[in-house]
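S.K.: Here you go, one structure.
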Amino acid sequence: MNFKQRILKTMQHEEPDRVPVMGLILDPATTNRVLGKESFNLAAMLQSGELDDATLKALQSDETWNQTYLSTVSDSLESAARLGFDANWVIYSYMQLQPDPQTSLGWVWHDPYGRVWEIGSDNHGNTTTNYARGLCTTPQKWEAWVESKREVFDRMIDSVRAFHIDVVEKFGDRIYPIGYAAPGVFENCWQPMGFPEFTRLMYQDPEFVHRIVAFHTELYLRFINAVMDSGVEVVLGGDDVGQKTGPLVRPAMIEKFFGNSYREISQCVHDRGRTLIWHSCGNIYQFLDMYVDWGIDGIITMEPTAGMELKKVREQIGHKLVLIGNLDITRLLVSGSKEEVEQAVKKAIADAGPGGGYVLSACHSHSEVDPERLKWMIDAAHRFGQYPLSLPAN
Amino acid sequence: MSQEILQQIREQLLELDLDATVAAARQIVDQGDKKLAKSAVESLTQGLEIVGERFQSGEWFLNELVYAGEISREVLDLLSPLLETGDESTQDAIVVGTVAHDLHDLGKNIFGSFARSAGFRVIDLGVDIPVEQFVDAAREYQPIAVGLSCMLTPAAQGIESVVLAIREQEFSVPVRVIAGGAAVTQELVTSVGADAFAPDAVTGLNQIRAWGEQR
Ligand code: B12
């Protein structure tokens, strides 16, 4: 059985030859360690003023962005394939470099939704890009912003399609690239405005909120359709609705404003005969039944340090959802011992593996996730994840 | 009549009805009654305490916590001309910030606005804050506590660095260090020698209040 058959069978809640393992590799810090590559630090270059005008101009073009982005993602897929993952998530984002005298660097990225992303570097000297604030703090500013970006949205969607087709062509015979339509509708609504501002609007101007949700749903459908144009059978979507101890926002409020949006998204994916896996960080027990109701086929993440346990999740929703994730990145995959990694793998497989429908993976990625520990995780999955499982159920 | 207004402020806050809470506060402003304005702040604080309890028990969510904070802020802004604005520097201070290399700010902001509504002077340093900046602020404001927010494991080293740097300083009053956020656990806090772990904003604020009373 190859990686693709293994993943697809798992999506049907059937037992393949063994529990598949998925990479959430994203950070250059991790890929560089696997590939033996040097770090690249754009923030330092911008800071030093060593870049001439021509280079700065080139950096502001779509072409340079798309090329650089594809090469970074190619590195992450290459390293995931070399480590032995069956699949890896693949996220396309689109941004434009903008001068910003408010920041010490003088430059930031803007995304077309209205977020500002700061350019920085991680502990290993690799460029990082992090959401910092929104540019559309009022409904008026938001309306004006999206009106001015219509053509940019069209270009973004074309780039999404081209990117995912490229990725599948380049890597599809070695690893299963699972394309992720991100950020989600809720995130695209609140992050360009700010959480307090958006919360206020949910109470004071629900009509506006319905309008902004409708706008982002339509755009999200175009985005996820463009991902599906690459031919992949499984796509990722999602929205962070959880935090460490529970929902970020009252679930009934999410249902009120976003429920139909999510239903439309899953309908669109199912109309094209594909499977929809959904991501949310944090503690999300209160959303599990809602996910099923919205038509979502599976979930990815299940953050253990936010209290998510595979066994409890299965008890709550049985095999109505495929489960992906749950290995800790706070300590285990950063500095845990080999024995601890093996124990965690065994436990995850025993809790969620029976009957198929479980893909082993880390719960997220960051720059300190250690490739050696990822390798231990994969090896342990190969050893203990053969079907029929012989692990004692915990 | 005035009892009714105070009750309305507390109850409408708990109903999350901004217009009704503000309308009640406006009556006080129209009357120009300074004593009543002071009592209104107390009613608001009582209301916020209940908000905090509901949030801690899981009955209320972040949206409710945030919105109650927003309503309180509007009411306080409205009443402020009638309130004896004492010297800002005598108000109990709390310094907050997200540690270096971490840009998550929701948790810090929520804690900050909650503490502000409860009458503390909050000095918010922002996100991605280097150790020196925490130390400088601690020296300048001599706060009850320096509150650290940390969501990322790669940034967690920052907590220990701040604790060590704060311990090296000499203050005339105790300056505690409290930390919260997704990457923080009780074990981590104990191992780096910080004074307390805040699993949520309300618990953190209660702890800081207790320290303030001991001062
Ligand atoms: C929203 C979010 C984001 C947003 C941030 C938006 C923003 N402006 O803050 C975005 C999408 C940008 C983001 C980015 C990233 N994120 Co993030 N994110 C989250 C998420 C889902 C929720 C965090 C949140 O805002 N919660 C809501 C607030 C209100 O809750 P809170 O922060 O816990 O705060 C409460 C308490 O903890 C406490 N508190 C917090 N701070 C303080 C301070 C004091 C003094 C006190 C008293 C109390 C207190 O009070 C608050 C209210 O009760 C968490 C999941 C989680 N488990 O929390 C992941 C999470 C924190 N992110 C994670 C990661 C890995 C990242 C990225 C590295 C992803 C990537 N590879 O690019 C980047 C890093 C960016 C950077 N350098 O900072 C991981 C971190 C794992 C780890 N152990 O390191 C988490 C845990 C998700 C996961 N699946 O593991 N993220």
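Naming works like this for the structure tokens: A, B, ... for the chains as they're shown, residue 1 at the start of each chain, ligands 1 onward in shown order.
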May I ask you to write as a ChimeraX atom specification all residues lying at most 6 Å from ligand 1, with only C-alpha atoms and all ligand atoms counted?
M.R.: /A:130-132,240,242-244,281-282,303,306,329-330,363-366 /B:96,101-108,110-111,147-149,151-153,178-183,198-201,204
S.K.: What's the 8 Å shell around range 54-58 of chain B, counting only C-alpha atoms, without same-chain residues fewer than 3 positions away, as an MDAnalysis selection string?
M.R.: (chainID A and resid 246) or (chainID B and resid 50:51 61:62 65 200 202:203)
S.K.: Write out as a PDB file with N, CA and C atoms, in the first residue's frame the residues lying within 8 Å of Gly69 in chain B, counting only C-alpha atoms and excluding same-chain residues fewer than 2 positions away.
M.R.:
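What follows is the written file part_31.pdb:
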ATOM      1  N   LEU B  48     -18.439  43.421  37.388  1.00  0.00           N
ATOM      2  CA  LEU B  48     -17.294  42.787  36.720  1.00  0.00           C
ATOM      3  C   LEU B  48     -16.812  41.567  37.484  1.00  0.00           C
ATOM      4  N   LEU B  65     -16.584  38.235  28.147  1.00  0.00           N
ATOM      5  CA  LEU B  65     -15.598  38.917  29.001  1.00  0.00           C
ATOM      6  C   LEU B  65     -15.129  40.212  28.331  1.00  0.00           C
ATOM      7  N   VAL B  66     -14.811  40.095  27.050  1.00  0.00           N
ATOM      8  CA  VAL B  66     -14.309  41.257  26.308  1.00  0.00           C
ATOM      9  C   VAL B  66     -15.382  42.343  26.217  1.00  0.00           C
ATOM     10  N   TYR B  67     -16.612  41.933  25.917  1.00  0.00           N
ATOM     11  CA  TYR B  67     -17.655  42.932  25.719  1.00  0.00           C
ATOM     12  C   TYR B  67     -18.027  43.612  27.045  1.00  0.00           C
ATOM     13  N   ILE B  71     -17.961  47.623  27.690  1.00  0.00           N
ATOM     14  CA  ILE B  71     -19.067  48.402  28.266  1.00  0.00           C
ATOM     15  C   ILE B  71     -18.561  49.191  29.476  1.00  0.00           C
ATOM     16  N   SER B  72     -17.796  48.523  30.332  1.00  0.00           N
ATOM     17  CA  SER B  72     -17.282  49.202  31.525  1.00  0.00           C
ATOM     18  C   SER B  72     -16.419  50.388  31.147  1.00  0.00           C
ATOM     19  N   ARG B  73     -15.618  50.191  30.110  1.00  0.00           N
ATOM     20  CA  ARG B  73     -14.725  51.277  29.687  1.00  0.00           C
ATOM     21  C   ARG B  73     -15.557  52.498  29.272  1.00  0.00           C
ATOM     22  N   SER B 113      -7.138  44.813  29.915  1.00  0.00           N
ATOM     23  CA  SER B 113      -8.335  45.656  29.981  1.00  0.00           C
ATOM     24  C   SER B 113      -9.186  45.280  31.186  1.00  0.00           C
ATOM     25  N   PHE B 114      -9.115  44.017  31.555  1.00  0.00           N
ATOM     26  CA  PHE B 114      -9.862  43.570  32.725  1.00  0.00           C
ATOM     27  C   PHE B 114      -9.294  44.215  33.996  1.00  0.00           C
ATOM     28  N   SER B 117     -10.229  47.877  34.056  1.00  0.00           N
ATOM     29  CA  SER B 117     -11.613  48.123  34.491  1.00  0.00           C
ATOM     30  C   SER B 117     -11.744  47.926  35.995  1.00  0.00           C
TER      31      SER B 117
END
S.K.: Work out how far apart CA of Ala58 in chain A and CA of Val168 in chain A are and give it in Å to one decimal.
M.R.: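 Straight-line distance from CA of Ala58 in chain A to CA of Val168 in chain A works out to 26.8 Å.
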S.K.: Mind checking DSSP for range 30-154 of chain B and telling me the alpha helix (DSSP H) residues as a PyMOL selection string?
M.R.: chain B and resi 30-31+34-56+62-79+106-117+131-141
S.K.: Please list as a VMD selection string every residue within 7 Å of Ser43 in chain B, counting only C-alpha atoms and excluding residues in the same chain fewer than 5 positions away.
M.R.: chain B and resid 6 9 to 10
S.K.: How would the residues just chosen look if you wrote them out with C-alpha atoms as a PDB file, in the first residue's frame?
M.R.:
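Contents of the output file out-v5.pdb:
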ATOM      1  CA  LEU B   6     -26.848  51.712  40.615  1.00  0.00           C
ATOM      2  CA  ILE B   9     -25.721  49.659  36.025  1.00  0.00           C
ATOM      3  CA  ARG B  10     -24.832  46.346  37.611  1.00  0.00           C
TER       4      ARG B  10
END
S.K.: Find, counting only C-alpha atoms, the residue in A:Gly295, A:Gly259, A:Pro183, A:Gly125 that gets nearest to chain B.
M.R.: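 Between A:Gly295, A:Gly259, A:Pro183, A:Gly125, the residue approaching chain B most closely is A:Gly125.
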S.K.: Can you work out the spacing between CA of Met193 in chain A and CA of Pro206 in chain A in Å, to one decimal?
M.R.: 15.0 Å
S.K.: I want to know what sits within 12 Å of range 27-35 of chain B, based on only C-alpha atoms, with residues of the same chain fewer than 2 positions away left out; could you give that as a PyMOL selection string?
M.R.: chain B and resi 1-6+8-9+20-25+37-42+75-85
S.K.: May I have the selected residues written with N, CA and C atoms, as a compact mmCIF listing (two decimals), in the first residue's frame?
M.R.:
# COMPACT_ATOMS: atom_id res chain seq x y z
N MET B 1 -34.29 56.19 44.05
CA MET B 1 -33.96 56.56 42.67
C MET B 1 -32.49 56.25 42.38
N SER B 2 -31.60 56.78 43.25
CA SER B 2 -30.19 56.55 42.99
C SER B 2 -29.85 55.07 43.15
N GLN B 3 -30.53 54.39 44.10
CA GLN B 3 -30.31 52.95 44.26
C GLN B 3 -30.69 52.22 42.98
N GLU B 4 -31.79 52.71 42.39
CA GLU B 4 -32.26 52.08 41.15
C GLU B 4 -31.23 52.21 40.04
N ILE B 5 -30.63 53.40 39.96
CA ILE B 5 -29.63 53.62 38.90
C ILE B 5 -28.44 52.68 39.09
N LEU B 6 -28.01 52.57 40.34
CA LEU B 6 -26.85 51.71 40.62
C LEU B 6 -27.14 50.25 40.28
N GLN B 8 -29.32 49.29 38.16
CA GLN B 8 -29.43 49.17 36.70
C GLN B 8 -28.04 49.01 36.06
N ILE B 9 -27.08 49.76 36.58
CA ILE B 9 -25.72 49.66 36.02
C ILE B 9 -25.20 48.24 36.17
N ALA B 20 -28.30 50.34 27.62
CA ALA B 20 -28.98 50.53 28.91
C ALA B 20 -27.98 50.90 30.01
N THR B 21 -26.80 50.29 29.98
CA THR B 21 -25.81 50.61 31.02
C THR B 21 -25.35 52.06 30.87
N VAL B 22 -25.09 52.44 29.63
CA VAL B 22 -24.63 53.81 29.37
C VAL B 22 -25.74 54.81 29.72
N ALA B 23 -27.00 54.45 29.42
CA ALA B 23 -28.12 55.36 29.72
C ALA B 23 -28.19 55.61 31.23
N ALA B 24 -27.98 54.56 32.01
CA ALA B 24 -28.02 54.72 33.45
C ALA B 24 -26.89 55.65 33.91
N ALA B 25 -25.71 55.45 33.35
CA ALA B 25 -24.58 56.29 33.73
C ALA B 25 -24.83 57.75 33.32
N ALA B 37 -21.63 59.02 41.35
CA ALA B 37 -20.70 58.53 40.32
C ALA B 37 -19.71 57.55 40.96
N LYS B 38 -19.27 57.87 42.17
CA LYS B 38 -18.32 57.00 42.85
C LYS B 38 -18.98 55.65 43.17
N SER B 39 -20.24 55.72 43.63
CA SER B 39 -20.95 54.47 43.91
C SER B 39 -21.16 53.67 42.63
N ALA B 40 -21.34 54.39 41.50
CA ALA B 40 -21.56 53.69 40.23
C ALA B 40 -20.33 52.86 39.86
N VAL B 41 -19.15 53.42 40.15
CA VAL B 41 -17.92 52.67 39.85
C VAL B 41 -17.88 51.40 40.71
N GLU B 42 -18.34 51.53 41.95
CA GLU B 42 -18.38 50.33 42.80
C GLU B 42 -19.35 49.29 42.24
N VAL B 75 -18.57 53.29 30.22
CA VAL B 75 -19.21 53.89 31.40
C VAL B 75 -18.19 54.71 32.18
N LEU B 76 -17.00 54.16 32.35
CA LEU B 76 -15.96 54.88 33.10
C LEU B 76 -15.58 56.18 32.40
N ASP B 77 -15.47 56.11 31.05
CA ASP B 77 -15.14 57.32 30.30
C ASP B 77 -16.19 58.41 30.54
N LEU B 78 -17.44 57.96 30.54
CA LEU B 78 -18.55 58.89 30.71
C LEU B 78 -18.53 59.53 32.10
N LEU B 79 -18.26 58.69 33.10
CA LEU B 79 -18.30 59.18 34.49
C LEU B 79 -17.05 59.95 34.89
N SER B 80 -15.99 59.79 34.13
CA SER B 80 -14.69 60.28 34.60
C SER B 80 -14.68 61.77 35.00
N PRO B 81 -15.42 62.67 34.29
CA PRO B 81 -15.38 64.07 34.74
C PRO B 81 -15.88 64.25 36.18
N LEU B 82 -16.73 63.32 36.64
CA LEU B 82 -17.28 63.45 38.00
C LEU B 82 -16.43 62.76 39.05
N LEU B 83 -15.46 61.97 38.56
CA LEU B 83 -14.68 61.19 39.53
C LEU B 83 -13.46 61.98 39.96
N GLU B 84 -13.13 61.86 41.23
CA GLU B 84 -11.92 62.50 41.72
C GLU B 84 -10.76 61.75 41.10
N THR B 85 -10.18 62.31 40.05
CA THR B 85 -9.06 61.59 39.45
C THR B 85 -7.81 61.84 40.28
S.K.: Give as a PyMOL selection string every residue of chain A that touches chain B within 10 Å, counting only C-alpha atoms.
M.R.: chain A and resi 118+120-123+128+130-133+194-204+243-251+253+282+305-306+329-331+334+366-369
S.K.: Please report, as a PyMOL selection string, each residue of range 230-349 of chain A to which DSSP assigns strand (DSSP E) when run on this structure's backbone.
M.R.: chain A and resi 234-238+242-243+246-247+275-280+298-301+322-327
S.K.: I want to know what sits within 8 Å of Val341 in chain A, based on only C-alpha atoms, with residues of the same chain fewer than 2 positions away left out; could you give that as a list in words?
M.R.: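 Returned residues: Leu332, Leu333, Gly336, Ser337, Lys338, Glu339, Gln343, Ala344, Val345, Arg373, Trp376, Met377 and Ala380 of chain A.
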S.K.: Would you kindly return, as a VMD selection string, each protein, DNA or RNA residue with an atom no farther than 12 Å from any atom of Leu59 in chain A, considering only C-alpha atoms and excluding same-chain residues fewer than 3 positions away?
M.R.: chain A and resid 42 46 51 to 56 62 to 69 95 to 99 107 to 109
